[in-house]
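Novice: One file: target-v4.cif (mmCIF, C-alpha atoms).
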```cif
data_query
loop_
_atom_site.label_atom_id
_atom_site.label_comp_id
_atom_site.auth_asym_id
_atom_site.auth_seq_id
_atom_site.Cartn_x
_atom_site.Cartn_y
_atom_site.Cartn_z
CA PHE K 16 133.21 141.08 135.16
CA ILE K 17 135.51 139.96 132.36
CA TRP K 18 134.25 136.78 130.68
CA SER K 19 136.98 136.26 128.08
CA ILE K 20 140.22 137.78 126.84
CA ALA K 21 142.19 137.49 123.59
CA GLU K 22 145.28 139.12 122.09
CA GLY K 23 144.96 140.59 118.61
CA CYS K 24 147.48 140.28 115.80
CA ASP K 25 148.54 143.90 116.33
CA GLY K 26 149.26 143.58 120.06
CA TRP K 27 145.96 144.98 121.33
CA VAL K 28 144.32 142.89 124.07
CA TRP K 29 140.55 142.51 123.73
CA LEU K 30 138.23 141.99 126.71
CA ALA K 31 134.61 140.82 126.65
CA PHE K 32 132.36 141.42 129.66
CA ALA K 33 129.84 138.86 130.83
CA HIS K 34 126.74 141.06 130.59
CA GLY K 35 127.75 142.92 127.44
CA GLY K 36 130.37 145.43 126.43
CA LEU K 37 133.87 145.27 125.05
CA ALA K 38 137.23 146.91 125.66
CA ARG K 39 140.66 146.71 124.18
CA ILE K 40 143.95 147.68 125.80
CA HIS K 41 147.36 148.39 124.29
CA PRO K 42 149.81 147.30 126.98
CA VAL K 43 152.73 149.31 125.58
CA ARG K 44 150.99 152.56 124.70
CA ASP K 45 148.79 152.49 127.80
CA GLN K 46 145.71 153.09 125.66
CA ILE K 47 142.19 151.88 126.45
CA GLU K 48 139.14 151.86 124.17
CA THR K 49 135.71 150.80 125.43
CA TRP K 50 132.32 149.93 123.94
CA PRO K 51 129.83 149.59 126.82
CA ALA K 52 126.77 147.35 126.89
CA GLY K 53 124.12 148.86 124.65
CA ASP K 54 126.61 150.22 122.10
CA PRO K 55 125.18 149.53 118.63
CA ALA K 56 128.48 147.92 117.59
CA VAL K 57 128.26 145.26 120.30
CA PRO K 58 125.75 142.37 120.21
CA ASP K 59 123.18 142.67 123.00
CA ASP K 60 121.39 139.33 122.74
CA GLY K 61 122.25 137.91 126.12
CA PHE K 62 124.77 136.74 128.67
CA ASN K 63 128.14 135.25 127.74
CA LEU K 64 130.31 137.01 125.20
CA GLU K 65 132.90 134.40 124.23
CA LEU K 66 135.72 136.23 122.44
CA ARG K 67 138.35 134.94 120.01
CA ILE K 68 140.70 136.51 117.48
CA GLY K 69 140.23 134.60 114.26
CA PRO K 70 142.94 133.42 111.85
CA ASP K 71 141.97 136.50 109.78
CA CYS K 72 142.92 138.75 112.76
CA HIS K 73 139.30 139.89 113.11
CA PRO K 74 137.53 139.62 116.50
CA TRP K 75 134.85 136.95 116.76
CA LEU K 76 132.17 136.95 119.46
CA MET K 77 129.66 134.33 120.49
CA THR K 78 126.61 134.70 122.71
CA LEU K 79 124.30 131.92 123.80
CA THR K 80 122.22 132.55 120.68
CA THR K 81 124.52 133.66 117.83
CA LEU K 82 128.10 133.58 116.53
CA TYR K 83 129.43 136.92 115.22
CA ARG K 84 132.47 138.19 113.30
CA SER K 85 133.63 141.80 113.17
CA ALA K 86 134.00 143.26 109.69
CA SER K 87 136.97 145.27 110.98
CA PRO K 88 140.09 144.00 112.77
CA ASP K 89 140.44 147.30 114.66
CA ALA K 90 136.95 148.07 115.97
CA PRO K 91 133.73 146.19 116.72
CA ASP K 92 131.49 145.92 113.67
CA PHE K 93 129.89 142.56 114.33
CA ARG K 94 127.67 140.67 111.89
CA PRO K 95 126.20 137.18 112.30
CA VAL K 96 128.24 134.39 110.74
CA ARG K 97 126.09 132.80 108.04
CA GLN K 98 125.65 129.28 106.73
CA PRO K 99 125.23 128.63 102.99
CA ASP K 100 121.43 128.75 103.35
CA GLY K 101 121.64 132.24 104.88
CA GLU K 102 120.83 131.14 108.43
CA SER K 103 123.13 132.44 111.16
CA ILE K 104 125.19 129.96 113.19
CA GLU K 105 123.55 129.36 116.55
CA GLY K 106 125.72 130.25 119.52
CA GLY K 107 126.70 128.16 122.52
CA ILE K 108 129.06 128.22 125.47
CA VAL K 109 132.49 127.83 123.84
CA PHE K 110 133.97 127.89 120.34
CA GLU K 111 137.45 127.40 118.86
CA PHE K 112 139.15 127.46 115.48
CA VAL K 113 140.43 124.02 114.52
CA GLU K 114 142.03 125.23 111.28
CA PRO K 115 142.04 128.61 109.50
CA ASP K 116 138.87 127.59 107.65
CA ALA K 117 137.26 125.32 110.26
CA LEU K 118 135.72 126.02 113.66
CA VAL K 119 133.80 124.21 116.39
CA VAL K 120 130.85 125.54 118.39
CA ALA K 121 129.78 123.68 121.53
CA GLY K 122 127.16 124.13 124.20
CA GLN K 123 123.87 122.71 125.38
CA GLY K 124 122.78 121.82 121.86
CA GLY K 125 125.77 119.57 121.20
CA THR K 126 129.08 120.02 119.42
CA ARG K 127 129.10 121.24 115.82
CA ARG K 128 131.99 121.51 113.39
CA PHE K 129 131.79 124.01 110.51
CA ARG K 130 134.00 124.57 107.46
CA ARG K 131 134.16 127.78 105.44
CA ARG K 132 132.99 127.73 101.84
CA SER K 133 132.64 130.53 99.34
CA ASP K 134 128.94 130.92 100.20
CA GLY K 135 129.18 130.58 103.99
CA TRP K 136 130.12 128.21 106.79
CA GLN K 137 128.92 124.67 106.10
CA LEU K 138 128.00 122.29 108.93
CA GLU K 139 130.49 119.43 108.56
CA ALA K 140 129.72 117.21 111.55
CA SER K 141 127.76 117.27 114.79
CA ALA K 142 127.55 115.16 117.94
CA PRO K 143 125.19 115.15 120.94
CA VAL K 144 126.47 115.86 124.45
CA ASP K 145 125.62 114.78 127.99
CA GLY K 146 124.14 118.07 129.20
CA ALA K 147 126.39 120.87 127.98
CA VAL K 148 130.02 121.37 126.97
CA THR K 149 131.70 123.61 129.56
CA ALA K 150 135.22 123.66 128.11
CA LEU K 151 136.86 122.93 124.76
CA ALA K 152 140.45 122.58 123.54
CA VAL K 153 142.08 121.79 120.20
CA ALA K 154 145.08 119.42 120.23
CA PRO K 155 148.03 119.64 117.79
CA ASP K 156 146.63 116.63 115.90
CA ARG K 157 143.38 118.63 115.36
CA SER K 158 141.42 116.41 117.71
CA LEU K 159 139.00 118.12 120.10
CA TRP K 160 138.90 117.67 123.85
CA LEU K 161 135.46 118.36 125.35
CA ALA K 162 134.49 118.74 129.01
CA GLU K 163 130.91 118.09 130.08
CA PRO K 164 129.33 117.73 133.52
CA GLY K 165 129.53 113.93 133.26
CA ARG K 166 132.63 113.21 131.22
CA VAL K 167 135.76 114.28 129.35
CA SER K 168 135.75 113.13 125.72
CA ARG K 169 138.00 113.29 122.68
CA TRP K 170 136.71 113.87 119.16
CA ALA K 171 139.42 112.61 116.82
CA HIS K 172 139.85 114.46 113.55
CA GLY K 173 137.64 112.73 110.99
CA ALA K 174 135.89 110.50 113.54
CA PRO K 175 132.08 110.38 113.40
CA GLU K 176 131.60 111.29 117.07
CA PRO K 177 133.48 111.93 120.34
CA GLU K 178 134.85 109.08 122.43
CA THR K 179 134.52 109.14 126.23
CA VAL K 180 137.89 109.15 128.01
CA ILE K 181 136.95 109.84 131.65
CA ARG K 182 133.58 109.58 133.35
CA THR K 183 132.99 112.19 136.04
CA ASP K 184 129.39 111.43 136.97
CA SER K 185 127.94 108.82 139.32
CA SER K 186 129.12 106.04 137.01
CA ALA K 187 132.72 106.92 137.94
CA ALA K 188 132.47 104.66 141.01
CA GLY K 189 135.86 103.16 140.25
CA GLU K 190 137.40 106.64 140.24
CA PRO K 191 135.96 108.36 143.34
CA ARG K 192 138.31 111.32 142.88
CA LEU K 193 136.47 112.13 139.65
CA ALA K 194 132.88 111.70 140.82
CA GLY K 195 130.99 114.99 140.85
CA LEU K 196 133.83 116.87 139.18
CA LEU K 197 132.95 120.19 137.52
CA ILE K 198 135.46 120.99 134.79
CA ALA K 199 135.81 124.71 134.18
CA SER K 200 138.67 124.65 131.64
CA ILE K 201 140.68 122.25 129.54
CA GLY K 202 143.89 122.68 127.54
CA VAL K 203 146.49 120.68 125.60
CA ASP K 204 150.22 121.38 126.09
CA ALA K 205 153.08 121.10 123.59
CA GLU K 206 153.79 117.51 124.66
CA GLY K 207 150.20 116.43 124.07
CA GLY K 208 149.27 116.30 127.75
CA VAL K 209 145.70 117.33 128.56
CA TRP K 210 145.28 119.73 131.51
CA ILE K 211 141.94 119.74 133.31
CA GLY K 212 141.02 122.71 135.50
CA THR K 213 138.27 121.95 137.99
CA SER K 214 136.00 123.97 140.22
CA GLY K 215 137.17 123.32 143.77
CA ARG K 216 139.14 120.11 143.06
CA GLY K 217 142.47 121.39 141.75
CA VAL K 218 144.17 120.67 138.43
CA ALA K 219 144.66 117.27 136.78
CA ARG K 220 146.81 116.24 133.83
CA LEU K 221 146.13 113.38 131.47
CA SER K 222 149.41 111.90 130.25
CA PRO K 223 150.34 112.37 126.55
CA ALA K 224 150.94 108.62 126.47
CA TRP K 225 147.16 108.25 126.31
CA ARG K 226 146.17 107.06 122.86
CA GLY K 227 142.49 106.38 123.24
CA PHE K 228 140.46 103.22 123.65
CA ARG K 229 138.43 101.17 121.24
CA ARG K 230 136.17 98.44 122.61
CA ILE K 231 135.96 95.30 120.49
CA PRO K 232 133.30 92.99 121.95
CA TYR K 233 133.35 89.22 121.83
CA GLY K 234 131.19 87.78 119.10
CA GLY K 235 131.18 88.75 115.44
CA PRO K 236 134.69 88.99 113.98
CA LEU K 237 136.31 88.41 117.39
CA ALA K 238 135.59 84.69 117.84
CA LEU K 239 137.40 84.37 121.17
CA SER K 240 135.68 84.27 124.55
CA ARG K 241 138.54 84.60 127.05
CA VAL K 242 141.77 86.36 126.11
CA GLU K 243 144.44 85.15 128.54
CA ARG K 244 147.61 86.15 126.68
CA MET K 245 148.63 88.82 124.20
CA ALA K 246 151.77 89.28 122.12
CA ALA K 247 152.80 92.40 120.22
CA ASP K 248 153.35 91.63 116.55
CA PRO K 249 156.59 93.12 115.11
CA ALA K 250 154.61 93.81 111.93
CA GLY K 251 151.99 95.78 113.87
CA GLY K 252 148.97 94.98 115.99
CA ALA K 253 148.79 92.10 118.46
CA TRP K 254 148.03 88.41 118.69
CA LEU K 255 145.34 87.35 121.18
CA LEU K 256 145.24 83.86 122.72
CA ASP K 257 142.20 82.02 124.02
CA PRO K 258 143.25 78.67 125.62
CA GLN K 259 140.36 76.70 124.13
CA ARG K 260 139.42 78.61 120.98
CA GLY K 261 142.74 79.62 119.46
CA LEU K 262 144.51 82.71 118.14
CA GLN K 263 143.40 85.87 116.36
CA HIS K 264 145.30 88.93 115.15
CA ILE K 265 144.01 92.46 115.63
CA ASP K 266 145.60 95.53 114.04
CA GLY K 267 145.89 99.10 115.31
CA ALA K 268 142.67 100.13 113.58
CA GLY K 269 140.69 97.41 115.34
CA ARG K 270 140.41 95.08 112.34
CA VAL K 271 140.20 91.44 113.43
CA GLY K 272 141.84 88.66 111.45
CA GLU K 273 140.68 85.09 110.92
CA LEU K 274 140.55 82.58 113.76
CA HIS K 275 143.41 80.07 113.99
CA PRO K 276 141.66 77.30 115.95
CA ALA K 277 143.35 75.72 118.95
CA SER K 278 142.55 72.28 117.51
CA GLN K 279 145.00 72.94 114.65
CA LEU K 280 147.77 73.83 117.09
CA GLY K 281 147.39 71.92 120.32
CA ARG K 282 145.18 69.01 119.30
CA VAL K 283 143.78 67.92 122.67
CA HIS K 284 145.90 70.35 124.69
CA ASP K 285 145.04 73.88 125.79
CA LEU K 286 147.04 76.82 124.46
CA ARG K 287 149.10 78.49 127.19
CA ASP K 288 151.17 81.36 125.79
CA VAL K 289 152.38 83.00 122.59
CA VAL K 290 155.39 85.03 121.44
CA ALA K 291 155.44 86.85 118.08
CA THR K 292 158.73 87.19 116.22
CA ALA K 293 159.75 88.22 112.72
CA ASP K 294 159.67 84.61 111.52
CA GLY K 295 156.29 83.68 112.97
CA LEU K 296 154.71 82.71 116.28
CA ARG K 297 155.96 80.50 119.08
CA VAL K 298 152.80 78.95 120.51
CA LEU K 299 153.00 77.07 123.79
CA THR K 300 150.51 74.33 124.64
CA ASP K 301 150.34 72.15 127.75
CA ARG K 302 152.95 69.80 126.28
CA ARG K 303 154.59 71.40 123.23
CA LEU K 304 156.25 74.49 121.81
CA ILE K 305 155.10 75.00 118.23
CA HIS K 306 156.68 77.26 115.63
CA TYR K 307 153.64 78.46 113.69
CA ARG K 308 153.65 80.59 110.52
CA PRO K 309 150.04 81.82 110.15
CA ASP K 310 150.34 83.02 106.56
CA ALA K 311 151.61 79.67 105.31
CA GLY K 312 149.69 77.54 107.80
CA GLU K 313 153.02 75.84 108.64
CA ARG K 314 153.27 74.13 112.04
CA ILE K 315 156.53 72.67 113.42
CA VAL K 316 156.90 71.14 116.90
CA HIS K 317 160.10 72.58 118.39
CA TYR K 318 159.94 71.07 121.83
CA GLU K 319 157.82 68.43 123.56
CA SER K 320 157.63 67.53 127.22
CA GLY K 321 158.49 63.86 126.90
CA SER K 322 159.31 62.55 130.36
CA GLU K 323 157.35 59.72 131.96
CA VAL K 324 155.45 62.26 134.04
CA PRO K 325 155.30 65.19 131.58
CA ALA K 326 155.29 68.63 133.16
CA ILE K 327 152.57 71.05 132.14
CA LEU K 328 154.15 73.97 130.29
CA ARG K 329 152.83 77.34 131.46
CA PHE K 330 154.70 80.22 129.86
CA ILE K 331 157.32 81.29 127.31
CA GLU K 332 159.68 84.26 127.21
CA GLU K 333 161.96 85.30 124.36
CA GLY K 334 165.66 85.32 125.23
CA ASP K 335 168.86 86.29 123.41
CA ASP K 336 170.13 85.03 120.05
CA GLY K 337 166.84 83.43 119.06
CA HIS K 338 166.61 81.43 122.29
CA PHE K 339 163.44 80.97 124.34
CA TRP K 340 162.72 80.24 127.98
CA LEU K 341 159.91 77.77 128.66
CA GLY K 342 158.43 77.41 132.10
CA SER K 343 156.66 74.50 133.73
CA GLU K 344 155.54 74.16 137.33
CA ARG K 345 158.93 72.73 138.27
CA GLU K 346 161.60 74.32 136.08
CA LEU K 347 162.77 76.81 133.46
CA ILE K 348 164.09 75.38 130.20
CA GLU K 349 166.24 77.38 127.77
CA ILE K 350 166.02 76.18 124.16
CA ASP K 351 167.59 77.46 120.97
CA ALA K 352 165.80 78.38 117.73
CA ASP K 353 165.86 74.71 116.64
CA GLY K 354 164.25 73.48 119.84
CA ASP K 355 167.38 71.94 121.39
CA VAL K 356 167.65 72.26 125.17
CA ILE K 357 170.55 74.50 126.27
CA ARG K 358 170.06 74.33 130.05
CA ARG K 359 167.51 73.84 132.77
CA TRP K 360 166.94 75.62 136.08
CA SER K 361 164.75 74.70 139.04
CA PRO K 362 164.03 76.67 142.21
CA THR K 363 164.85 73.55 144.18
CA GLU K 364 168.48 74.12 143.15
CA VAL K 365 168.65 77.39 145.08
CA GLU K 366 169.37 76.85 148.77
CA GLY K 367 167.58 78.99 151.33
CA THR K 368 164.99 80.43 148.94
CA GLY K 369 161.97 78.68 150.44
CA LEU K 370 160.86 77.80 146.90
CA ARG K 371 161.09 74.03 147.20
CA GLU K 372 157.33 73.60 147.62
CA SER K 373 156.36 76.32 145.12
CA ALA K 374 155.16 76.09 141.52
CA LEU K 375 156.53 78.48 138.91
CA ILE K 376 153.81 80.73 137.52
CA ASP K 377 155.42 83.21 135.10
CA VAL K 378 158.67 84.89 134.10
CA GLU K 379 159.55 88.28 132.64
CA ARG K 380 162.84 89.37 131.13
CA GLY K 381 164.35 92.34 133.00
CA PRO K 382 166.20 95.30 131.48
CA ASP K 383 169.52 93.66 132.40
#
```
Take the structure I supplied and represent it as structure tokens, if you would.

Specialist:
Amino acid sequence: FIWSIAEGCDGWVWLAFAHGGLARIHPVRDQIETWPAGDPAVPDDGFNLELRIGPDCHPWLMTLTTLYRSASPDAPDFRPVRQPDGESIEGGIVFEFVEPDALVVAGQGGTRRFRRRSDGWQLEASAPVDGAVTALAVAPDRSLWLAEPGRVSRWAHGAPEPETVIRTDSSAAGEPRLAGLLIASIGVDAEGGVWIGTSGRGVARLSPAWRGFRRIPYGGPLALSRVERMAADPAGGAWLLDPQRGLQHIDGAGRVGELHPASQLGRVHDLRDVVATADGLRVLTDRRLIHYRPDAGERIVHYESGSEVPAILRFIEEGDDGHFWLGSERELIEIDADGDVIRRWSPTEVEGTGLRESALIDVERGPD
């Protein structure tokens, strides 16, 4: 049976058969040329002839033991692909060209990335696998998507090793639809979506909105212990809030900034929420709203709950024209950029809502 198929630069379609042998077909001229198993021009070192047409328009073949390239673009004349030390490149299950002068070979022995030099193909990077790679795809950003019996992983261009995206083994208890999944093929579309073809379980697509995950554990640079609020920083990255410990900034590359202790912001009060704007942070404590500029260390109290029975402030939401909405258990308070109160609203003012006995918990600004 046909194991792989590839279209040549001249319109010929090449076929590789699982137990040896090659053919090529010209779909317009209705011509067929064959080289059966045992032909001296065709490698005979085992099952699995993985076929590709290289950037040089020459056919490339890979068996489980060796990677080959044909010296001719028009007929099989296969020679082992050599490394600078003269050793041939060991084969695998799948291989792909990442760039015209770079390719990846994957299989039971791991995933290896090679780059062409004047004296051969140099091993550039390698990574172990969980079992064997059964499918491989190259994304437009030159990252690699790898399917293994236990996981789908992404090897970002220049990264030291692949990063697990989806677990498909017994550890995928939280995703029962994925447990025991055998992935037979994987591909990346023009939008960046990753298509996963399974054996007996249909087809799945991973959204192009996926951008990967990086775990940053507590301890070390990240001095927080419980992140309860986050705020996107207009300058990039995000601010993380721990009610007792304080604030830290983390950028898109995972670099963690210095700790801004809660004691410098809320004194004896817990931190409740944070909003990041172009002119600094608005940090909410149990009793105060503080305008905090981290770079300058400047701290200005913009609002303070000063009634005889002060309400505990819970949340803050940015409004229009530099205004902010503060929420306590009992009411919403709109303040301007200077901290002056514009208006107040309480659910007890709304007849028939059934909210008279309720405490406000949070607020989000809608698209309108």

Novice: Would you pick out the contacts of K:Gly35 at 12 Å or less, using all atoms listed in the file, so that residues sharing its chain but fewer than 6 positions from it are not included, and give the list as a ChimeraX atom specification?

Specialist: /K:16-19,49-66,76-78

Novice: Could you tell me which residues the PyMOL selection byres ((chain K and resi 91-96) around 8) grabs in this file, written as an MDAnalysis selection string?

Specialist: chainID K and resid 56:58 74:76 81:90 97:98 103:104 135:136

Novice: Determine the residue membership of the PyMOL selection byres ((chain K and resi 160-163) around 10) for the file above and supply it as a count of residues only.

Specialist: 44

Novice: Counting only C-alpha atoms, which residue out of K:Thr292, K:Thr213, K:Ser361, K:Ser141 sits closest to K:Glu349?

Specialist: K:Ser361

Novice: As AutoDock Vina command-line options, please: the centre and edge lengths in Å, to one decimal, of an axis-aligned box enclosing every listed atom of stretch 288-294 of chain K with 8 Å added on each side.

Specialist:
```
--center_x 155.5 --center_y 84.8 --center_z 118.7 --size_x 24.6 --size_y 22.9 --size_z 30.3
```

Novice: Tell me which of K:Arg345, K:Arg329, K:His338, K:His275 sits closest to K:Leu299, counting all atoms listed in the file.

Specialist: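 Of the candidates, the smallest distance to K:Leu299 is held by K:Arg329.
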
Novice: If you measure from atom CA of K:Phe129 to atom CA of K:Thr80, what distance in Å do you get, rounded to one decimal?

Specialist: 16.4 Å

Novice: Any idea what the distance is between atom CA of K:Gly69 and atom CA of K:Leu30?

Specialist: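 We find that atom CA of K:Gly69 and atom CA of K:Leu30 lie 14.6 Å from each other.
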
Novice: Would you compute the distance between atom CA of K:Gly212 and atom CA of K:Ala21? Give it in Å to one decimal.

Specialist: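 Here the two named atoms are 19.0 Å from each other.
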
Novice: For K:Gln137, which residue out of K:Val113, K:Pro42, K:Gly101, K:Arg303 is the nearest one, using all atoms listed in the file?

Specialist: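 So, comparing all the options, the nearest one is K:Gly101.
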
Novice: Starting from the PyMOL selection byres ((chain K and resi 310) around 12), expand the selection into actual residues of this file and give them as a count of residues only.

Specialist: 14

Novice: So, with all atoms listed in the file as the atoms that count, which of K:Glu22, K:Glu206, K:Glu332, K:Asp116 lies closest to K:Ser222?

Specialist: K:Glu206

Novice: Skip K:His317 itself and residues of its chain fewer than 5 positions away, then list as a PyMOL selection string all residues within 8 Å of it, counting only C-alpha atoms.

Specialist: chain K and resi 303-306+353-355

Novice: Return the single residue from K:Arg39, K:Arg260, K:His73, K:His34 that is closest to K:Leu237, with distances computed using all atoms listed in the file.

Specialist: K:Arg260
